[in-house]
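Engineer: For reference, this is structure_23.tsv, and it has TSV, C-alpha atoms and all ligand atoms.
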```tsv
chain	number	residue	atom	x	y	z
A	390	MET	CA	-147.12	-33.20	42.34
A	391	SER	CA	-145.26	-31.79	39.33
A	392	LYS	CA	-142.83	-34.69	39.44
A	393	ILE	CA	-145.62	-37.26	39.42
A	394	LEU	CA	-147.36	-35.52	36.53
A	395	GLU	CA	-144.12	-35.38	34.59
A	396	LYS	CA	-143.64	-39.11	35.14
A	397	ALA	CA	-147.20	-39.78	33.95
A	398	LEU	CA	-146.64	-37.68	30.83
A	399	ASN	CA	-143.38	-39.47	30.04
A	400	THR	CA	-144.27	-43.07	30.89
A	401	GLN	CA	-148.08	-43.37	30.97
A	402	PHE	CA	-147.63	-45.23	34.21
A	403	LEU	CA	-147.94	-44.38	37.89
A	404	GLU	CA	-147.59	-46.40	41.07
A	405	LYS	CA	-150.65	-46.69	43.28
A	406	SER	CA	-149.03	-44.43	45.91
A	407	GLU	CA	-148.52	-41.74	43.27
A	408	ILE	CA	-152.13	-41.91	42.11
A	409	VAL	CA	-153.23	-41.68	45.73
A	410	GLU	CA	-151.11	-38.56	46.17
A	411	LEU	CA	-152.74	-36.95	43.13
A	412	LEU	CA	-156.22	-37.88	44.33
A	413	TYR	CA	-155.54	-36.26	47.72
A	414	ALA	CA	-154.03	-33.12	46.17
A	415	GLU	CA	-155.88	-29.95	47.15
A	416	ASN	CA	-155.11	-27.87	44.10
A	417	ALA	CA	-155.93	-30.14	41.20
A	418	GLU	CA	-155.65	-27.53	38.42
A	419	GLN	CA	-152.28	-28.91	37.41
A	420	ILE	CA	-153.75	-32.41	37.00
A	421	PHE	CA	-156.60	-31.11	34.84
A	422	PHE	CA	-154.17	-29.08	32.77
A	423	ALA	CA	-151.91	-32.07	32.17
A	424	ALA	CA	-154.87	-34.27	31.19
A	425	ASP	CA	-156.10	-31.60	28.78
A	426	LYS	CA	-152.67	-31.43	27.20
A	427	VAL	CA	-152.55	-35.21	26.73
A	428	ARG	CA	-156.07	-35.22	25.29
A	429	LYS	CA	-155.10	-32.55	22.78
A	430	GLU	CA	-151.91	-34.34	21.77
A	431	TYR	CA	-153.47	-37.79	21.33
A	432	LYS	CA	-157.09	-37.07	20.38
A	433	GLY	CA	-157.07	-33.54	18.97
A	434	ASP	CA	-159.90	-31.04	19.37
A	435	ALA	CA	-162.69	-33.12	17.83
A	436	ILE	CA	-165.53	-34.19	20.10
A	437	HIS	CA	-167.32	-37.41	19.26
A	438	LEU	CA	-171.05	-37.32	19.87
A	439	ARG	CA	-172.70	-40.65	20.63
A	440	GLY	CA	-176.48	-40.65	20.36
A	441	LEU	CA	-177.95	-42.45	23.36
A	442	ILE	CA	-181.17	-44.44	23.00
A	443	GLU	CA	-182.58	-45.66	26.32
A	444	PHE	CA	-184.77	-48.40	24.95
A	445	SER	CA	-186.00	-50.10	28.13
A	446	ASN	CA	-185.99	-49.08	31.79
A	447	ILE	CA	-186.93	-52.56	32.95
A	448	CYS	CA	-184.19	-54.22	34.98
A	449	LYS	CA	-183.86	-57.53	36.78
A	450	ARG	CA	-180.97	-56.24	38.94
A	451	ASN	CA	-181.12	-54.44	42.24
A	452	CYS	CA	-178.12	-52.13	42.34
A	453	ASN	CA	-178.53	-50.19	45.57
A	454	TYR	CA	-177.79	-46.81	44.01
A	455	CYS	CA	-179.95	-47.00	40.89
A	456	GLY	CA	-183.51	-45.81	40.39
A	457	LEU	CA	-184.19	-48.51	37.81
A	458	ARG	CA	-183.55	-51.31	40.29
A	459	LYS	CA	-186.13	-54.08	40.21
A	460	ASP	CA	-187.52	-53.39	43.70
A	461	ASN	CA	-188.31	-49.76	42.90
A	462	LYS	CA	-192.03	-50.06	42.29
A	463	SER	CA	-192.55	-46.31	42.15
A	464	ILE	CA	-191.39	-45.72	38.58
A	465	GLU	CA	-193.34	-46.33	35.42
A	466	ARG	CA	-191.63	-48.92	33.24
A	467	TYR	CA	-191.42	-48.96	29.45
A	468	ARG	CA	-189.93	-50.74	26.49
A	469	LEU	CA	-189.52	-49.15	23.09
A	470	THR	CA	-190.69	-51.21	20.15
A	471	LYS	CA	-188.28	-52.15	17.40
A	472	GLU	CA	-190.02	-49.58	15.18
A	473	GLU	CA	-189.59	-46.85	17.78
A	474	ILE	CA	-185.90	-47.69	18.11
A	475	LEU	CA	-185.47	-47.59	14.34
A	476	ASP	CA	-187.35	-44.28	14.05
A	477	CYS	CA	-185.03	-42.83	16.64
A	478	THR	CA	-182.06	-44.22	14.72
A	479	LYS	CA	-183.23	-42.62	11.50
A	480	SER	CA	-183.62	-39.17	13.08
A	481	ALA	CA	-180.22	-39.50	14.74
A	482	VAL	CA	-178.55	-40.39	11.46
A	483	GLU	CA	-180.24	-37.40	9.82
A	484	LEU	CA	-178.84	-35.16	12.54
A	485	GLY	CA	-175.36	-36.49	11.79
A	486	TYR	CA	-174.74	-39.02	14.56
A	487	LYS	CA	-172.05	-41.56	13.62
A	488	THR	CA	-172.42	-43.69	16.73
A	489	LEU	CA	-175.56	-44.87	18.48
A	490	VAL	CA	-175.53	-46.25	21.99
A	491	LEU	CA	-178.29	-48.70	22.86
A	492	GLN	CA	-178.74	-48.66	26.62
A	493	SER	CA	-181.25	-50.43	28.86
A	494	GLY	CA	-181.71	-52.11	32.19
A	495	GLU	CA	-181.04	-55.84	32.19
A	496	ASP	CA	-184.30	-56.70	30.49
A	497	SER	CA	-184.66	-60.35	29.45
A	498	TYR	CA	-187.44	-59.49	26.99
A	499	PHE	CA	-184.72	-58.20	24.72
A	500	ASP	CA	-183.15	-61.58	24.09
A	501	ILE	CA	-180.37	-62.17	21.60
A	502	GLU	CA	-182.79	-62.79	18.75
A	503	ARG	CA	-184.64	-59.50	19.27
A	504	LEU	CA	-181.43	-57.57	19.81
A	505	SER	CA	-179.83	-59.11	16.73
A	506	GLU	CA	-182.72	-58.01	14.56
A	507	ILE	CA	-182.52	-54.46	15.88
A	508	ILE	CA	-178.72	-54.22	15.56
A	509	SER	CA	-178.76	-55.63	12.02
A	510	GLU	CA	-181.34	-53.02	11.00
A	511	ILE	CA	-179.37	-50.18	12.58
A	512	LYS	CA	-176.19	-51.38	10.89
A	513	LYS	CA	-177.79	-50.75	7.50
A	514	TYR	CA	-177.01	-47.13	8.25
A	515	ASP	CA	-173.39	-46.08	8.25
A	516	VAL	CA	-173.04	-45.89	12.04
A	517	ALA	CA	-171.11	-47.58	14.83
A	518	VAL	CA	-173.23	-49.37	17.43
A	519	THR	CA	-172.38	-49.40	21.11
A	520	LEU	CA	-174.30	-51.64	23.50
A	521	SER	CA	-174.81	-50.91	27.19
A	522	ILE	CA	-177.13	-53.69	28.29
A	523	GLY	CA	-175.31	-55.43	31.11
A	524	GLU	CA	-174.00	-58.88	31.84
A	525	LYS	CA	-174.35	-61.61	29.20
A	526	THR	CA	-172.59	-64.89	28.46
A	527	PHE	CA	-169.60	-65.17	26.15
A	528	ASP	CA	-171.79	-66.76	23.47
A	529	GLU	CA	-174.37	-63.99	23.74
A	530	TYR	CA	-171.72	-61.30	23.40
A	531	LYS	CA	-170.36	-63.23	20.44
A	532	SER	CA	-173.74	-63.35	18.66
A	533	LEU	CA	-174.24	-59.61	19.18
A	534	LYS	CA	-170.78	-58.92	17.81
A	535	LEU	CA	-171.47	-61.06	14.76
A	536	CYS	CA	-174.56	-59.06	13.86
A	537	GLY	CA	-172.58	-55.86	13.91
A	538	ALA	CA	-172.19	-54.40	17.41
A	539	ASP	CA	-168.89	-52.53	17.56
A	540	ARG	CA	-168.53	-51.46	21.15
A	541	TYR	CA	-169.79	-52.38	24.61
A	542	LEU	CA	-169.98	-50.41	27.84
A	543	ILE	CA	-170.01	-52.19	31.17
A	544	ARG	CA	-168.66	-50.30	34.14
A	545	ILE	CA	-166.94	-52.25	36.88
A	546	GLU	CA	-168.49	-49.57	39.18
A	547	THR	CA	-165.82	-50.29	41.84
A	548	THR	CA	-162.89	-52.70	41.99
A	549	ASP	CA	-163.24	-53.05	45.76
A	550	LYS	CA	-164.86	-56.49	45.96
A	551	ASN	CA	-166.45	-55.90	49.36
A	552	LEU	CA	-167.85	-52.56	48.28
A	553	TYR	CA	-169.02	-54.10	45.01
A	554	GLU	CA	-170.95	-56.72	46.93
A	555	ALA	CA	-172.39	-54.13	49.32
A	556	CYS	CA	-173.77	-52.18	46.35
A	557	HIS	CA	-174.93	-55.06	44.20
A	558	PRO	CA	-177.08	-57.65	45.95
A	559	ASP	CA	-176.96	-61.02	44.18
A	560	MET	CA	-174.28	-59.98	41.72
A	561	ASN	CA	-170.88	-61.54	41.35
A	562	PHE	CA	-167.76	-59.42	41.16
A	563	GLN	CA	-165.72	-62.02	39.28
A	564	ASN	CA	-168.47	-62.38	36.71
A	565	ARG	CA	-168.30	-58.66	36.04
A	566	ILE	CA	-164.57	-58.92	35.40
A	567	ASP	CA	-165.12	-61.96	33.18
A	568	CYS	CA	-167.62	-59.98	31.09
A	569	LEU	CA	-164.97	-57.35	30.41
A	570	LYS	CA	-162.49	-60.06	29.39
A	571	TYR	CA	-165.01	-61.73	27.06
A	572	LEU	CA	-165.77	-58.43	25.37
A	573	LYS	CA	-162.10	-57.61	24.86
A	574	ASN	CA	-161.40	-61.09	23.51
A	575	LEU	CA	-164.29	-60.83	21.08
A	576	GLY	CA	-162.85	-57.65	19.61
A	577	TYR	CA	-165.35	-55.15	20.98
A	578	GLU	CA	-164.08	-51.72	21.79
A	579	THR	CA	-164.68	-52.15	25.48
A	580	GLY	CA	-165.71	-49.46	27.92
A	581	SER	CA	-165.59	-49.58	31.67
A	582	GLY	CA	-165.69	-47.03	34.43
A	583	CYS	CA	-166.62	-46.42	38.02
A	584	LEU	CA	-168.82	-44.47	40.36
A	585	VAL	CA	-167.15	-41.94	42.63
A	586	GLY	CA	-168.67	-41.39	46.05
A	587	LEU	CA	-170.08	-44.80	46.91
A	588	PRO	CA	-170.50	-45.32	50.66
A	589	ASN	CA	-167.18	-46.12	52.38
A	590	GLN	CA	-165.29	-45.93	49.12
A	591	THR	CA	-161.68	-44.95	49.79
A	592	ILE	CA	-159.20	-42.90	47.79
A	593	GLU	CA	-157.02	-46.01	47.70
A	594	SER	CA	-159.77	-48.02	46.07
A	595	LEU	CA	-160.28	-45.29	43.44
A	596	ALA	CA	-156.56	-45.57	42.69
A	597	ASP	CA	-157.09	-49.32	42.24
A	598	ASP	CA	-159.97	-48.57	39.86
A	599	ILE	CA	-157.68	-46.44	37.69
A	600	LEU	CA	-154.98	-49.12	37.67
A	601	PHE	CA	-157.62	-51.69	36.76
A	602	PHE	CA	-158.66	-49.65	33.69
A	603	LYS	CA	-155.01	-49.54	32.70
A	604	SER	CA	-154.53	-53.27	33.29
A	605	ILE	CA	-157.46	-54.29	31.06
A	606	ASN	CA	-156.45	-51.67	28.49
A	607	ALA	CA	-159.99	-50.29	28.41
A	608	ASP	CA	-160.88	-48.49	25.19
A	609	MET	CA	-163.37	-46.16	26.87
A	610	ILE	CA	-163.77	-45.02	30.46
A	611	GLY	CA	-166.90	-43.41	31.92
A	612	ILE	CA	-166.48	-41.85	35.34
A	613	GLY	CA	-169.45	-40.41	37.17
A	614	PRO	CA	-170.13	-39.08	40.65
A	615	PHE	CA	-172.72	-41.06	42.59
A	616	ILE	CA	-176.01	-39.15	42.84
A	617	PRO	CA	-178.52	-40.28	45.47
A	618	CYS	CA	-181.82	-41.43	44.03
A	619	GLU	CA	-185.17	-41.55	45.83
A	620	ASN	CA	-186.71	-44.95	46.54
A	621	THR	CA	-183.36	-46.74	46.58
A	622	PRO	CA	-181.41	-48.03	49.61
A	623	PHE	CA	-178.84	-45.26	49.04
A	624	GLU	CA	-181.39	-42.44	48.83
A	625	ASN	CA	-180.18	-40.66	51.98
A	626	LEU	CA	-176.47	-40.79	51.26
A	627	LYS	CA	-174.61	-37.74	50.13
A	628	ALA	CA	-173.61	-37.27	46.51
A	629	GLY	CA	-170.10	-37.95	45.28
A	630	ASP	CA	-167.65	-35.09	44.98
A	631	PHE	CA	-167.59	-33.54	41.52
A	632	TYR	CA	-163.90	-32.59	41.64
A	633	LEU	CA	-162.84	-35.99	42.92
A	634	ALA	CA	-164.68	-37.61	40.00
A	635	LEU	CA	-162.99	-35.13	37.66
A	636	LYS	CA	-159.59	-36.06	39.11
A	637	VAL	CA	-160.23	-39.78	38.63
A	638	MET	CA	-161.17	-39.06	35.02
A	639	ALA	CA	-158.14	-36.83	34.41
A	640	ILE	CA	-155.72	-39.41	35.83
A	641	ALA	CA	-157.33	-42.10	33.67
A	642	ARG	CA	-156.52	-39.86	30.67
A	643	LEU	CA	-152.90	-39.55	31.77
A	644	LEU	CA	-152.45	-43.32	31.95
A	645	LEU	CA	-154.52	-44.19	28.86
A	646	PRO	CA	-153.77	-41.25	26.54
A	647	ASP	CA	-155.46	-42.48	23.35
A	648	ILE	CA	-158.77	-43.81	24.66
A	649	ASN	CA	-162.21	-42.25	24.40
A	650	ILE	CA	-163.46	-40.61	27.58
A	651	PRO	CA	-166.95	-39.16	27.88
A	652	ALA	CA	-167.85	-36.08	29.85
A	653	THR	CA	-170.61	-37.93	31.68
A	654	THR	CA	-174.16	-36.76	32.23
A	655	ALA	CA	-173.77	-37.27	35.98
A	656	MET	CA	-171.04	-34.62	35.96
A	657	GLU	CA	-173.42	-32.13	34.35
A	658	THR	CA	-176.21	-33.08	36.74
A	659	LEU	CA	-174.03	-32.40	39.77
A	660	LYS	CA	-172.55	-29.15	38.49
A	661	LYS	CA	-173.68	-26.67	35.85
A	662	ASP	CA	-171.21	-26.80	32.95
A	663	GLY	CA	-169.68	-29.88	34.54
A	664	GLN	CA	-169.41	-31.49	31.12
A	665	ILE	CA	-167.50	-28.51	29.74
A	666	LEU	CA	-165.10	-28.71	32.68
A	667	ALA	CA	-164.70	-32.42	31.96
A	668	LEU	CA	-163.97	-31.71	28.29
A	669	GLN	CA	-161.25	-29.33	29.48
A	670	SER	CA	-159.80	-31.94	31.84
A	671	GLY	CA	-159.27	-34.92	29.58
A	672	ALA	CA	-162.65	-35.90	28.11
A	673	ASN	CA	-163.32	-36.00	24.34
A	674	VAL	CA	-166.80	-37.55	24.03
A	675	ILE	CA	-170.38	-36.50	24.83
A	676	MET	CA	-173.35	-38.84	24.78
A	677	PRO	CA	-176.46	-36.75	24.08
A	678	ASN	CA	-179.69	-38.45	24.99
A	679	ILE	CA	-181.80	-38.80	21.84
A	680	THR	CA	-184.57	-40.88	23.40
A	681	ASP	CA	-188.01	-39.34	22.83
A	682	GLU	CA	-189.28	-36.88	25.44
A	683	LYS	CA	-191.84	-39.16	27.02
A	684	HIS	CA	-189.52	-42.09	27.66
A	685	LYS	CA	-186.40	-40.08	28.50
A	686	LYS	CA	-188.20	-38.77	31.59
A	687	LEU	CA	-188.85	-42.31	32.78
A	688	TYR	CA	-185.21	-43.45	32.56
A	689	LYS	CA	-184.50	-42.19	36.06
A	690	ILE	CA	-181.33	-43.86	37.26
A	691	TYR	CA	-180.95	-40.72	39.41
A	692	PRO	CA	-182.88	-37.43	39.67
A	693	ASN	CA	-182.48	-34.46	37.31
A	694	LYS	CA	-180.58	-36.56	34.84
A	695	GLY	CA	-179.52	-34.76	31.70
A	696	ALA	CA	-177.95	-31.50	30.74
A	697	TYR	CA	-180.20	-28.55	31.57
A	698	ASN	CA	-180.84	-27.78	27.90
A	699	GLU	CA	-181.10	-31.42	26.84
A	700	LYS	CA	-184.82	-31.01	27.43
A	701	ASP	CA	-184.84	-29.23	24.09
A	702	ASN	CA	-185.46	-31.41	21.07
A	703	PRO	CA	-182.44	-33.37	19.79
A	704	LYS	CA	-181.82	-31.02	16.87
A	705	LYS	CA	-181.90	-27.87	18.96
A	706	TYR	CA	-179.73	-29.51	21.59
A	707	ARG	CA	-177.17	-30.64	19.03
A	708	ASP	CA	-176.99	-27.17	17.45
A	709	CYS	CA	-176.61	-25.58	20.84
A	710	LEU	CA	-173.90	-28.05	21.84
A	711	SER	CA	-171.98	-27.53	18.58
A	712	GLN	CA	-171.92	-23.77	19.29
A	713	LYS	CA	-170.82	-24.28	22.85
A	714	LEU	CA	-168.00	-26.57	21.74
A	715	LEU	CA	-166.79	-24.00	19.22
A	716	SER	CA	-166.69	-21.43	22.00
A	717	ILE	CA	-164.12	-23.57	23.85
A	718	GLY	CA	-162.06	-24.24	20.72
A	719	ARG	CA	-163.47	-27.67	20.01
A	720	PHE	CA	-165.69	-29.04	17.25
A	721	VAL	CA	-168.02	-31.94	16.50
A	722	SER	CA	-166.25	-34.82	14.79
A	723	ASP	CA	-167.69	-36.28	11.60
A	724	THR	CA	-166.07	-39.70	12.05
A	725	LYS	CA	-167.17	-42.76	14.00
A	726	GLY	CA	-164.43	-42.05	16.49
A	727	PHE	CA	-162.91	-45.43	17.17
A	728	ARG	CA	-159.99	-45.47	19.59
A	729	LYS	CA	-157.45	-46.01	16.83
A	730	ASP	CA	-159.03	-43.56	14.39
A	731	ILE	CA	-156.80	-40.60	14.92
A	801	LIG	N1	-175.70	-42.02	40.38
A	801	LIG	C1	-174.75	-41.97	39.41
A	801	LIG	N2	-174.61	-42.91	38.46
A	801	LIG	C2	-175.46	-43.96	38.49
A	801	LIG	N3	-175.57	-45.04	37.71
A	801	LIG	C3	-176.60	-45.79	38.14
A	801	LIG	N4	-177.18	-45.20	39.21
A	801	LIG	C4	-176.49	-44.06	39.45
A	801	LIG	C5	-176.58	-43.03	40.44
A	801	LIG	N5	-177.51	-43.06	41.38
A	801	LIG	C6	-174.62	-45.33	36.63
A	801	LIG	C7	-173.92	-46.69	36.83
A	801	LIG	C8	-174.24	-47.44	35.58
A	801	LIG	C9	-174.59	-46.34	34.60
A	801	LIG	C10	-175.43	-46.75	33.45
A	801	LIG	O1	-175.27	-45.40	35.40
A	801	LIG	O2	-172.51	-46.48	36.94
A	801	LIG	O3	-173.16	-48.22	35.09
A	802	LIG	FE1	-180.15	-52.21	36.43
A	802	LIG	FE2	-177.97	-50.97	35.49
A	802	LIG	FE3	-179.56	-49.79	37.29
A	802	LIG	FE4	-178.06	-51.85	38.05
A	802	LIG	S1	-177.29	-49.84	37.31
A	802	LIG	S2	-180.24	-51.55	38.56
A	802	LIG	S3	-178.10	-53.14	36.21
A	802	LIG	S4	-180.13	-50.33	35.21
```
Can the structure in the file be given as structure tokens, please?

Structural biologist:
Amino acid sequence: MSKILEKALNTQFLEKSEIVELLYAENAEQIFFAADKVRKEYKGDAIHLRGLIEFSNICKRNCNYCGLRKDNKSIERYRLTKEEILDCTKSAVELGYKTLVLQSGEDSYFDIERLSEIISEIKKYDVAVTLSIGEKTFDEYKSLKLCGADRYLIRIETTDKNLYEACHPDMNFQNRIDCLKYLKNLGYETGSGCLVGLPNQTIESLADDILFFKSINADMIGIGPFIPCENTPFENLKAGDFYLALKVMAIARLLLPDINIPATTAMETLKKDGQILALQSGANVIMPNITDEKHKKLYKIYPNKGAYNEKDNPKKYRDCLSQKLLSIGRFVSDTKGFRKDI
């Protein structure tokens, strides 16, 4: 294992067989240590906080793992108004957020015109805007870029085409890849990522996922363990393995040393202090949920979502987080935290 890690540190490249060996390794401490070292060298000790606004839980898709899927009739649906989104923006800016992430299900109500208006208003503040609103056409991505969106998150979820199709009824794998290409070509900082622990997912396919992130030169990578959600086809499956997800994330850091990698909420949900472990294994970003209390509860992609103390109000949570970060030798960044910033 030491040899493979040394090669990764020196060349930022590994063969699939080498990644597979790391993913199978029993004692992964060395991998986490190496990823932490690379993170420190390339990104420093600053943590970028991205304020997450979940502005609609309405979705036309039917992803088999997700609680927001269209066929789940048991959840209450909502859309925030433009005013509510802008109020949330204002409070976030006052708290010091330099990036806002607008996330929703694939909700056609928010067409390009509505989104453009909202983005243009948000861009009057000095913040970066990240969108996480699913598959769109090239022209739609282009319009959103033109009104000021800086970044876009769209996970590939898995690069195993058969598994992709088994998880995503009526979705097209190639289209997903095309979306990532469009976004890159349009100059978005582009984020991808995968779920760890999907049914029948193999270690080999996770290695392919990591190589895929490298091949598209992703600017951000979000890795999360799968968490079973009631009232979905995958409700009775077992959750993904926290440490396997952490390994996938750490290896992504080794191969893409200068990108932004969040310690995902799913990691915290699966394991107490999971996000801190992630920050000590290659991650350098946290995305606190700043959606108001009432709506946050309804954005149930899986149960018990959110850090245990995220139920506090956004100010209290941010203060608490800042303290916690200081206690592990890290601090909250005051920049927008683009990939090339440092
Ligand atoms: N467990 C973990 N992550 C999930 N997501 C959706 N449903 C689940 C689940 N049950 C993730 C997907 C999606 C992101 C917004 O949330 O990877 O891209
Ligand atoms: Fe919709 Fe995204 Fe959930 Fe799929 S993962 S059902 S696209 S909200």

Engineer: Could you report the residues within 10 Å of ligand LIG 801 (chain A), using all atoms listed in the file, as a ChimeraX atom specification?

Structural biologist: /A:452-458,492-494,521-523,542-547,581-587,611-619,621,623-624,628-629,653-656,658-659,689-692,694

Engineer: Given the choices A:Lys713, A:Lys405, A:Arg540, A:His557, which gets closest to Arg450 (chain A) if the distance is worked out from all atoms listed in the file?

Structural biologist: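 Distance minimum relative to Arg450 (chain A) lands on A:His557.
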
Engineer: Which of these, A:Ile650, A:Ile610, A:Leu643, A:Leu572, has the shortest distance to Glu395 (chain A) once you count all atoms listed in the file?

Structural biologist: A:Leu643

Engineer: Could you check the closest approach to Met609 (chain A) for each of A:Ile566, A:Phe720, A:Lys683, A:Lys729 and tell me which residue wins, using all atoms listed in the file?

Structural biologist: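 Closest residue, counting all atoms listed in the file: A:Lys729.
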
Engineer: Could you give me, as a ChimeraX atom specification, the residues within 8 Å of Leu489 (chain A), counting only C-alpha atoms and dropping anything in the same chain fewer than 2 positions from it?

Structural biologist: /A:439-442,478,486-487,491,516-519

Engineer: Select, from A:Tyr571, A:Phe631, A:Phe444, A:Phe601, the residue with the minimum atom-to-atom distance to ligand LIG 802 (chain A), counting all atoms listed in the file.

Structural biologist: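 Between A:Tyr571, A:Phe631, A:Phe444, A:Phe601, the residue approaching ligand LIG 802 (chain A) most closely is A:Phe444.
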
Engineer: Could you work out how far CA of Asn574 (chain A) lies from CA of His437 (chain A), giving the answer in Å with one decimal?

Structural biologist: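 If I compute the distance from CA of His437 (chain A) to CA of Asn574 (chain A), I get 24.8 Å.
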
Engineer: Taking all atoms listed in the file into account, name the residue in A:Glu524, A:Ala414, A:Glu465, A:Leu504 that is nearest to ligand LIG 802 (chain A).

Structural biologist: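 Once distances to ligand LIG 802 (chain A) are computed over all atoms listed in the file, the minimum belongs to A:Glu524.
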
Engineer: Pick out the closest residue to Gly580 (chain A) from this set: A:Leu687, A:Met560, A:Leu520, A:Ile447. Count only C-alpha atoms.

Structural biologist: A:Leu520

Engineer: Could you state the separation of CA of Gln419 (chain A) and CA of Ile605 (chain A) in Å, given to one decimal place?

Structural biologist: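 Taking CA of Gln419 (chain A) and CA of Ile605 (chain A), their separation equals 26.7 Å.
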
Engineer: What is the distance, in Å and to one decimal place, between CA of Ala667 (chain A) and CA of Leu644 (chain A)?

Structural biologist: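 For CA of Ala667 (chain A) relative to CA of Leu644 (chain A), the distance reads 16.4 Å.
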
Engineer: Show which residues sit within 9 Å of Tyr431 (chain A), as a VMD selection string. Count all atoms listed in the file, and ignore same-chain residues fewer than 4 positions away.

Structural biologist: chain A and resid 426 to 427 646 to 648 731

Engineer: At a cut-off of 12 Å, using only C-alpha atoms, what residues contact Lys512 (chain A)? Leave out same-chain residues fewer than 3 positions from it and give the result as a list in words.

Structural biologist: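 The contact residues come out as Leu475, Thr478, Lys479, Val482, Lys487, Thr488, Leu489, Ser505, Glu506, Ile507, Ile508, Ser509, Asp515, Val516, Ala517, Val518, Thr519, Leu533, Lys534, Leu535, Cys536, Gly537, Ala538 and Asp539 of chain A.
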
Engineer: Which residues are near Lys573 (chain A)? Cut-off 10 Å, all atoms listed in the file, ignore same chain within fewer than 5 positions. Put them as a ChimeraX atom specification.

Structural biologist: /A:540-541,567-568,578-580,605-608
